[in-house]
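A.B. asks: Next comes my_file16.cif, mmCIF, C-alpha atoms:
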```cif
data_query
loop_
_atom_site.label_atom_id
_atom_site.label_comp_id
_atom_site.auth_asym_id
_atom_site.auth_seq_id
_atom_site.Cartn_x
_atom_site.Cartn_y
_atom_site.Cartn_z
CA MET A 23 0.00 0.00 0.00
CA ARG A 24 1.44 3.42 -0.96
CA ILE A 25 1.59 5.96 1.86
CA ARG A 26 0.39 9.44 0.97
CA VAL A 27 2.28 12.31 2.61
CA GLY A 28 0.38 15.58 3.03
CA LEU A 29 1.82 19.13 2.93
CA PRO A 30 2.15 19.56 6.75
CA ALA A 31 4.15 16.35 6.95
CA LEU A 32 6.49 17.54 4.17
CA LEU A 33 7.11 20.82 5.99
CA TRP A 34 7.89 18.94 9.20
CA MET A 35 10.37 16.66 7.45
CA SER A 36 12.10 19.68 5.85
CA LEU A 37 12.44 21.33 9.23
CA VAL A 38 13.96 18.18 10.73
CA LEU A 39 16.48 17.89 7.87
CA ALA A 40 17.47 21.56 8.21
CA VAL A 41 18.08 21.21 11.96
CA THR A 42 20.08 18.01 11.43
CA ALA A 43 22.24 19.67 8.74
CA ALA A 44 22.87 22.69 10.95
CA SER A 45 23.86 20.42 13.83
CA ALA A 46 26.28 18.48 11.64
CA GLY A 47 27.81 21.71 10.33
CA ALA A 48 28.31 22.97 13.88
CA GLN A 49 30.15 19.76 14.76
CA ARG A 50 32.52 20.21 11.81
CA SER A 51 33.20 23.94 12.28
CA ALA A 52 35.45 24.65 15.27
CA VAL A 53 34.83 27.81 17.26
CA THR A 54 38.42 28.20 18.55
CA LEU A 55 41.99 26.83 18.32
CA ALA A 56 43.65 24.35 20.68
CA TYR A 57 47.29 24.83 21.56
CA GLN A 58 49.90 22.67 23.28
CA LEU A 59 50.49 23.41 26.97
CA THR A 60 53.28 21.00 27.86
CA HIS A 61 56.62 20.74 26.08
CA ILE A 62 59.78 18.68 26.46
CA ASP A 63 63.46 19.56 26.20
CA MET A 64 65.32 16.31 25.60
CA GLY A 65 68.52 15.76 23.66
CA GLU A 66 72.32 15.54 23.50
CA PRO A 67 72.37 11.72 23.18
CA PHE A 68 75.84 10.20 23.57
CA PRO A 69 76.34 6.41 23.22
CA SER A 70 78.38 4.32 25.64
CA PRO A 71 81.53 2.63 24.27
CA GLY A 72 79.70 -0.68 23.96
CA GLY A 73 76.69 0.95 22.33
CA LYS A 74 74.28 -0.59 24.84
CA LYS A 75 73.34 2.67 26.57
CA LEU A 76 72.85 6.36 25.80
CA VAL A 77 73.37 9.26 28.18
CA PHE A 78 71.21 12.32 27.48
CA GLU A 79 69.56 15.30 29.17
CA ILE A 80 65.96 16.19 29.96
CA THR A 81 64.73 19.44 31.48
CA LEU A 82 62.74 18.71 34.64
CA GLY A 83 61.40 21.33 37.01
CA GLY A 84 63.38 24.02 35.24
CA PHE A 85 66.75 22.17 35.45
CA GLN A 86 68.58 20.02 32.92
CA GLN A 87 69.10 16.54 34.37
CA LEU A 88 71.11 13.62 32.98
CA PHE A 89 69.52 10.26 32.20
CA ILE A 90 70.64 6.85 30.92
CA MET A 91 68.53 4.82 28.49
CA ASN A 92 68.69 1.93 26.04
CA PRO A 93 69.37 2.73 22.35
CA ASP A 94 65.68 2.18 21.54
CA GLY A 95 64.62 4.83 24.10
CA SER A 96 63.43 2.39 26.77
CA GLY A 97 64.69 2.01 30.33
CA GLN A 98 65.18 5.70 31.09
CA THR A 99 66.91 6.23 34.46
CA GLN A 100 67.73 9.62 36.00
CA ILE A 101 71.31 9.92 37.32
CA THR A 102 71.51 13.59 38.45
CA HIS A 103 69.04 15.09 40.90
CA ASP A 104 70.37 18.36 42.34
CA ALA A 105 68.89 21.80 41.62
CA ALA A 106 71.37 22.72 38.87
CA ASN A 107 71.74 22.32 35.14
CA HIS A 108 73.68 19.36 33.69
CA ASP A 109 74.32 19.09 29.96
CA THR A 110 76.58 18.00 27.06
CA PRO A 111 77.44 14.59 28.60
CA SER A 112 80.31 12.57 27.12
CA TRP A 113 81.11 8.92 27.86
CA SER A 114 84.73 7.92 28.57
CA PRO A 115 86.25 5.31 26.21
CA ASP A 116 86.31 2.63 28.94
CA GLY A 117 82.70 3.34 29.91
CA HIS A 118 83.60 4.01 33.56
CA LYS A 119 83.04 7.78 33.60
CA ILE A 120 80.80 10.47 32.12
CA ALA A 121 82.07 14.02 31.68
CA TYR A 122 79.50 16.81 31.65
CA VAL A 123 78.85 20.48 32.43
CA SER A 124 77.06 21.76 35.54
CA ASP A 125 76.35 25.27 36.82
CA LYS A 126 75.92 24.30 40.49
CA THR A 127 78.73 26.72 41.50
CA GLY A 128 77.15 29.59 39.58
CA HIS A 129 79.55 28.98 36.67
CA ALA A 130 79.65 26.41 33.87
CA VAL A 131 82.13 23.82 35.19
CA ILE A 132 83.33 20.50 33.76
CA TYR A 133 82.68 17.48 36.03
CA MET A 134 82.96 13.74 35.73
CA MET A 135 81.08 10.97 37.53
CA ASN A 136 80.28 7.27 37.41
CA PRO A 137 77.49 6.20 35.02
CA ASP A 138 75.15 5.65 37.97
CA GLY A 139 75.57 9.27 39.11
CA THR A 140 77.95 8.59 42.01
CA GLY A 141 81.56 9.68 42.50
CA GLU A 142 81.26 13.21 41.14
CA GLU A 143 84.56 15.09 40.66
CA ARG A 144 85.14 18.66 39.49
CA LEU A 145 87.67 18.90 36.65
CA THR A 146 87.89 22.64 35.87
CA ASP A 147 87.99 25.70 38.11
CA ASN A 148 84.72 27.19 39.28
CA GLN A 149 85.51 30.80 38.39
CA HIS A 150 85.08 30.62 34.62
CA GLU A 151 82.65 29.24 32.05
CA TYR A 152 83.64 25.98 30.31
CA ILE A 153 81.52 23.78 28.03
CA HIS A 154 81.47 20.80 25.60
CA PRO A 155 83.76 18.17 27.21
CA ASN A 156 84.98 15.24 25.11
CA TRP A 157 87.41 12.41 25.97
CA SER A 158 90.69 11.51 24.32
CA PRO A 159 90.73 7.99 22.78
CA ASN A 160 92.85 6.60 25.64
CA GLY A 161 90.69 8.27 28.31
CA ALA A 162 93.65 10.14 29.81
CA LYS A 163 92.48 13.62 28.84
CA VAL A 164 89.35 15.68 28.35
CA ILE A 165 89.12 18.35 25.68
CA TYR A 166 86.72 21.27 26.20
CA CYS A 167 86.25 24.97 25.40
CA SER A 168 85.33 28.23 27.08
CA ASP A 169 81.75 29.44 26.72
CA ASP A 170 81.05 31.43 23.53
CA ASP A 171 77.55 32.53 24.60
CA LEU A 172 78.25 34.93 27.46
CA GLN A 173 76.20 37.68 25.78
CA PRO A 174 73.83 35.94 23.35
CA PRO A 175 73.06 36.18 20.53
CA LYS A 176 76.49 37.75 20.04
CA LYS A 177 79.37 35.26 20.02
CA ASN A 178 82.39 36.08 22.17
CA ALA A 179 85.93 34.72 21.86
CA SER A 180 86.40 31.16 23.15
CA ASP A 181 89.41 28.86 23.31
CA ILE A 182 89.89 25.08 23.34
CA PHE A 183 91.79 23.37 26.16
CA SER A 184 93.06 19.90 27.05
CA LEU A 185 93.02 18.66 30.65
CA ASP A 186 95.05 15.70 31.92
CA ILE A 187 92.80 13.63 34.20
CA GLY A 188 95.70 12.35 36.31
CA THR A 189 97.69 15.55 36.85
CA ARG A 190 94.87 18.08 36.21
CA GLU A 191 97.31 19.99 34.00
CA VAL A 192 95.53 22.26 31.52
CA LYS A 193 96.97 23.13 28.10
CA PRO A 194 95.49 25.59 25.59
CA LEU A 195 95.18 23.99 22.14
CA ILE A 196 93.22 26.45 19.97
CA THR A 197 93.21 30.16 20.78
CA GLY A 198 92.06 33.31 19.03
CA GLY A 199 88.50 33.80 17.78
CA THR A 200 85.46 31.69 18.62
CA ASN A 201 86.26 27.96 18.77
CA THR A 202 83.85 25.38 20.20
CA TYR A 203 82.65 21.73 20.06
CA PRO A 204 86.10 20.06 20.02
CA SER A 205 86.42 16.34 19.40
CA TRP A 206 89.48 14.07 19.14
CA SER A 207 89.95 11.69 16.21
CA PRO A 208 89.90 7.96 17.11
CA ASP A 209 93.68 7.73 16.75
CA GLY A 210 94.23 10.85 18.88
CA ARG A 211 96.27 12.61 16.19
CA LYS A 212 93.68 15.21 15.15
CA ILE A 213 90.97 17.37 16.64
CA VAL A 214 87.91 18.66 14.84
CA PHE A 215 86.04 21.75 16.06
CA ARG A 216 83.76 24.61 15.07
CA ARG A 217 85.14 28.07 14.35
CA MET A 218 83.20 31.26 13.69
CA ILE A 219 84.22 33.15 10.55
CA GLY A 220 82.79 36.64 10.96
CA ASP A 221 79.46 37.22 12.71
CA MET A 222 77.18 34.86 10.77
CA ASN A 223 79.34 32.08 9.31
CA SER A 224 80.55 28.97 11.14
CA GLU A 225 82.90 26.36 9.68
CA VAL A 226 84.20 22.93 10.66
CA PHE A 227 87.97 23.01 11.20
CA VAL A 228 90.54 20.28 11.79
CA ALA A 229 93.94 20.58 13.47
CA ASN A 230 96.70 18.41 14.87
CA SER A 231 96.17 17.20 18.43
CA ASP A 232 98.49 19.94 19.73
CA GLY A 233 96.40 22.62 17.96
CA SER A 234 98.81 23.23 15.08
CA ASP A 235 97.95 23.37 11.37
CA ALA A 236 94.30 24.34 11.87
CA HIS A 237 92.46 24.55 8.55
CA ASN A 238 88.92 24.82 7.20
CA LEU A 239 87.16 21.63 6.05
CA THR A 240 83.72 22.90 5.03
CA SER A 241 84.38 26.34 3.46
CA HIS A 242 80.67 26.99 2.93
CA PRO A 243 78.66 30.20 3.44
CA ALA A 244 76.14 28.31 5.61
CA PHE A 245 76.42 27.77 9.37
CA ASP A 246 78.34 24.48 9.78
CA GLY A 247 79.20 23.06 13.19
CA TRP A 248 78.78 20.39 15.90
CA PRO A 249 81.37 18.01 14.32
CA ALA A 250 82.19 14.48 15.52
CA TRP A 251 84.37 11.69 14.12
CA SER A 252 83.24 8.30 12.87
CA PRO A 253 84.65 5.33 14.84
CA ASP A 254 87.16 4.51 12.09
CA GLY A 255 88.26 8.13 11.63
CA THR A 256 87.45 8.27 7.92
CA LYS A 257 84.29 10.38 8.26
CA ILE A 258 83.05 13.44 10.15
CA VAL A 259 79.41 14.10 10.94
CA PHE A 260 78.22 17.68 11.42
CA SER A 261 75.15 19.91 11.35
CA SER A 262 74.47 22.64 8.80
CA ASN A 263 71.68 24.94 7.64
CA ARG A 264 72.84 24.85 4.01
CA ASN A 265 69.38 23.46 3.13
CA ALA A 266 67.54 26.23 5.07
CA ASN A 267 66.84 24.33 8.33
CA TYR A 268 69.59 22.60 10.30
CA GLN A 269 70.16 19.01 9.21
CA ILE A 270 72.81 16.33 9.76
CA PHE A 271 75.52 15.76 7.12
CA THR A 272 78.50 13.46 6.78
CA MET A 273 81.74 14.09 4.91
CA ASN A 274 85.14 12.52 4.42
CA ALA A 275 87.81 13.46 6.96
CA ASP A 276 89.37 15.79 4.37
CA GLY A 277 86.09 17.68 3.81
CA THR A 278 85.11 16.04 0.51
CA GLY A 279 82.02 13.94 -0.20
CA VAL A 280 79.45 15.92 1.78
CA GLN A 281 76.21 13.93 2.04
CA LEU A 282 72.87 14.70 3.70
CA LEU A 283 72.18 11.98 6.27
CA ALA A 284 68.37 12.19 6.51
CA ASN A 285 65.55 14.57 5.64
CA THR A 286 64.45 16.05 8.97
CA GLU A 287 62.21 18.96 9.89
CA GLY A 288 63.23 21.30 12.66
CA ARG A 289 66.72 22.06 14.01
CA ALA A 290 68.97 18.99 14.02
CA THR A 291 72.30 19.38 15.86
CA GLU A 292 74.76 17.61 18.19
CA PRO A 293 75.31 14.39 16.18
CA ARG A 294 77.24 11.41 17.57
CA TRP A 295 78.21 8.10 15.95
CA SER A 296 77.40 4.77 17.53
CA PRO A 297 80.53 2.69 18.34
CA ASP A 298 79.82 0.28 15.46
CA GLY A 299 79.39 3.17 13.01
CA LYS A 300 75.94 2.03 11.90
CA THR A 301 73.86 4.74 13.60
CA ILE A 302 74.11 8.47 14.18
CA TYR A 303 72.26 9.95 17.17
CA PHE A 304 71.37 13.64 17.33
CA THR A 305 69.05 16.25 18.82
CA ASN A 306 66.13 17.60 16.80
CA CYS A 307 64.04 20.58 17.95
CA LYS A 308 60.73 21.67 16.43
CA LYS A 309 58.57 24.73 17.02
CA VAL A 310 55.20 23.69 18.42
CA ASP A 311 52.63 26.45 18.92
CA TRP A 312 54.37 29.01 21.20
CA ALA A 313 57.24 26.82 22.37
CA VAL A 314 59.83 24.30 21.16
CA ASP A 315 60.03 20.53 21.62
CA CYS A 316 63.44 18.80 21.50
CA HIS A 317 63.92 15.05 21.19
CA ALA A 318 66.69 12.50 20.63
CA TYR A 319 66.73 11.05 17.10
CA ALA A 320 68.59 8.18 15.44
CA ALA A 321 69.41 7.64 11.76
CA THR A 322 70.94 4.66 10.02
CA VAL A 323 74.20 5.50 8.27
CA PRO A 324 73.67 5.31 4.48
CA PRO A 325 75.37 2.66 2.31
CA GLY A 326 78.92 3.46 1.31
CA VAL A 327 79.90 4.86 4.71
CA PRO A 328 82.34 2.53 6.57
CA VAL A 329 80.61 0.87 9.51
CA HIS A 330 83.41 -0.97 11.32
CA PRO A 331 86.14 0.75 13.35
#
```
Would you write the structure of this file as structure tokens?
C.D. replies:
Amino acid sequence: MRIRVGLPALLWMSLVLAVTAASAGAQRSAVTLAYQLTHIDMGEPFPSPGGKKLVFEITLGGFQQLFIMNPDGSGQTQITHDAANHDTPSWSPDGHKIAYVSDKTGHAVIYMMNPDGTGEERLTDNQHEYIHPNWSPNGAKVIYCSDDDLQPPKKNASDIFSLDIGTREVKPLITGGTNTYPSWSPDGRKIVFRRMIGDMNSEVFVANSDGSDAHNLTSHPAFDGWPAWSPDGTKIVFSSNRNANYQIFTMNADGTGVQLLANTEGRATEPRWSPDGKTIYFTNCKKVDWAVDCHAYAATVPPGVPVHP
């Protein structure tokens, strides 16, 4: 039997459809914008000599604290707990110590401690600002530099020093200009570091272990820096903004064969090779709403790059 629908019924059905459509449109059209309230500052991953652990920093309660974790990001354990900043950790070649920077004295000072956070020892004086410690291949010395960010964003002069762990003797290696992020080659014969050329250009330099014969490896108008050696000494990894945003690149130890490691968005810096040469860890920061999030990243080394030390 066919049902006949009169005019009042048709008007009622039209009204129901109009209300339903308006309700659906209201559900699809937002009335405001949501924004992220919480952010994380995590980075500076540095692998242990055996490659089974990473030391890194996380900002908690307004202070940078050091943590240990597995290479896959699991098993995170906090190893510093005092109300001070701790950053740029570096694992000793034998795995028994971690060098790092802390401002607990009111100045940036180089310390070392056991991997579980015990046995802290101050290595540099507490009257000046020192940053970026890195171990010699035999673990007998720590290389570091004076702070180049005393009046940011302007860069001030900074020098590179070597400290003997046993005698605590300090020797200047690179002086004059702004020199930071020093790192020894695996054979201990060379050091690689970042040097400012003018106000806006930064280059990766290499020198002999005593600081002699310093010369430019990158020679590029972009901002190149944060260099570190591969385990076999044939490659150097560094960060550069030559593709607009900062990304991680590798090159031969003589500066040739520059290659982009991975396409990343944000600001990728502070790269470090895994002991087996198969992975490069780094920090990547992204702008999120009105703040910045920083995380530890890992990238597999591309084919053609030596993987065994």
A.B. asks: Give me, as a compact mmCIF listing (two decimals) with C-alpha atoms, in the frame of the given file, all polymer residues having an atom no more than 6 Å from Gly247 of chain A, counting all atoms listed in the file and skipping those fewer than 5 positions away in the same chain.
C.D. replies:
```txt
# COMPACT_ATOMS: atom_id res chain seq x y z
CA ARG A 216 83.76 24.61 15.07
CA VAL A 226 84.20 22.93 10.66
CA PHE A 260 78.22 17.68 11.42
CA SER A 261 75.15 19.91 11.35
```
A.B. asks: Within 12 Å of segment 73-88 of chain A, which residues of segment 243-327 of chain A show up? Give each one with its shortest atom-to-atom distance in Å (one decimal) and the two atoms involved, counting all atoms listed in the file, rows by chain then rising residue number, as a Markdown table.
C.D. replies:
```
| residue | atom | partner | partner_atom | distance |
| --- | --- | --- | --- | --- |
| A:Pro253 | CA | A:Gly73 | CA | 11.8 |
| A:Glu292 | CA | A:Phe78 | CA | 11.3 |
| A:Arg294 | CA | A:Leu76 | CA | 10.6 |
| A:Trp295 | CA | A:Gly73 | CA | 9.7 |
| A:Ser296 | CA | A:Gly73 | CA | 6.2 |
| A:Pro297 | CA | A:Gly73 | CA | 5.8 |
| A:Asp298 | CA | A:Gly73 | CA | 7.6 |
| A:Gly299 | CA | A:Gly73 | CA | 10.0 |
| A:Lys300 | CA | A:Gly73 | CA | 10.5 |
| A:Thr301 | CA | A:Gly73 | CA | 9.9 |
| A:Ile302 | CA | A:Gly73 | CA | 11.4 |
| A:Tyr303 | CA | A:Leu76 | CA | 9.4 |
| A:Phe304 | CA | A:Phe78 | CA | 10.2 |
| A:Thr305 | CA | A:Phe78 | CA | 9.8 |
| A:Asp315 | CA | A:Thr81 | CA | 11.0 |
| A:Cys316 | CA | A:Ile80 | CA | 9.2 |
| A:His317 | CA | A:Ile80 | CA | 9.1 |
| A:Ala318 | CA | A:Phe78 | CA | 8.2 |
| A:Tyr319 | CA | A:Phe78 | CA | 11.4 |
| A:Ala320 | CA | A:Leu76 | CA | 11.3 |
```
A.B. asks: Could you save the residues just selected, with C-alpha atoms, as a PDB file, keeping the file's coordinate frame?
C.D. replies:
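As a result, again.pdb now contains:
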```pdb
ATOM      1  CA  PRO A 253      84.650   5.330  14.840  1.00  0.00           C
ATOM      2  CA  GLU A 292      74.760  17.610  18.190  1.00  0.00           C
ATOM      3  CA  ARG A 294      77.240  11.410  17.570  1.00  0.00           C
ATOM      4  CA  TRP A 295      78.210   8.100  15.950  1.00  0.00           C
ATOM      5  CA  SER A 296      77.400   4.770  17.530  1.00  0.00           C
ATOM      6  CA  PRO A 297      80.530   2.690  18.340  1.00  0.00           C
ATOM      7  CA  ASP A 298      79.820   0.280  15.460  1.00  0.00           C
ATOM      8  CA  GLY A 299      79.390   3.170  13.010  1.00  0.00           C
ATOM      9  CA  LYS A 300      75.940   2.030  11.900  1.00  0.00           C
ATOM     10  CA  THR A 301      73.860   4.740  13.600  1.00  0.00           C
ATOM     11  CA  ILE A 302      74.110   8.470  14.180  1.00  0.00           C
ATOM     12  CA  TYR A 303      72.260   9.950  17.170  1.00  0.00           C
ATOM     13  CA  PHE A 304      71.370  13.640  17.330  1.00  0.00           C
ATOM     14  CA  THR A 305      69.050  16.250  18.820  1.00  0.00           C
ATOM     15  CA  ASP A 315      60.030  20.530  21.620  1.00  0.00           C
ATOM     16  CA  CYS A 316      63.440  18.800  21.500  1.00  0.00           C
ATOM     17  CA  HIS A 317      63.920  15.050  21.190  1.00  0.00           C
ATOM     18  CA  ALA A 318      66.690  12.500  20.630  1.00  0.00           C
ATOM     19  CA  TYR A 319      66.730  11.050  17.100  1.00  0.00           C
ATOM     20  CA  ALA A 320      68.590   8.180  15.440  1.00  0.00           C
TER      21      ALA A 320
END
```
A.B. asks: Evaluate the PyMOL selection byres ((chain A and resi 124) around 9) and record the selected residues as a PyMOL selection string, following the chain and residue labels used in the document.
C.D. replies: chain A and resi 106-109+122-123+125-133+153
A.B. asks: Take the residues that were just selected and, keeping C-alpha atoms, output them as a JSON list (two decimals), keeping the file's coordinate frame.
C.D. replies:
```json
[["chain", "number", "residue", "atom", "x", "y", "z"],
["A", 106, "ALA", "CA", 71.37, 22.72, 38.87],
["A", 107, "ASN", "CA", 71.74, 22.32, 35.14],
["A", 108, "HIS", "CA", 73.68, 19.36, 33.69],
["A", 109, "ASP", "CA", 74.32, 19.09, 29.96],
["A", 122, "TYR", "CA", 79.50, 16.81, 31.65],
["A", 123, "VAL", "CA", 78.85, 20.48, 32.43],
["A", 125, "ASP", "CA", 76.35, 25.27, 36.82],
["A", 126, "LYS", "CA", 75.92, 24.30, 40.49],
["A", 127, "THR", "CA", 78.73, 26.72, 41.50],
["A", 128, "GLY", "CA", 77.15, 29.59, 39.58],
["A", 129, "HIS", "CA", 79.55, 28.98, 36.67],
["A", 130, "ALA", "CA", 79.65, 26.41, 33.87],
["A", 131, "VAL", "CA", 82.13, 23.82, 35.19],
["A", 132, "ILE", "CA", 83.33, 20.50, 33.76],
["A", 133, "TYR", "CA", 82.68, 17.48, 36.03],
["A", 153, "ILE", "CA", 81.52, 23.78, 28.03]]
```
A.B. asks: Please enumerate the residues selected by the PyMOL selection byres ((chain A and resi 120) around 7) when evaluated against the supplied file, formatted as a VMD selection string.
C.D. replies: chain A and resid 111 to 114 119 121 to 122 134 to 137
A.B. asks: From the options A:Asp186, A:Asp147, A:Asp170, A:Asp221, which residue's atoms come nearest to Asn201 of chain A, counting only C-alpha atoms?
C.D. replies: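 The answer is A:Asp170, which sits nearest to Asn201 of chain A.
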A.B. asks: One decimal, Å: what's the distance from atom CA of Leu145 of chain A over to atom CA of His118 of chain A, could you say?
C.D. replies: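 Straight-line distance from atom CA of Leu145 of chain A to atom CA of His118 of chain A works out to 15.7 Å.
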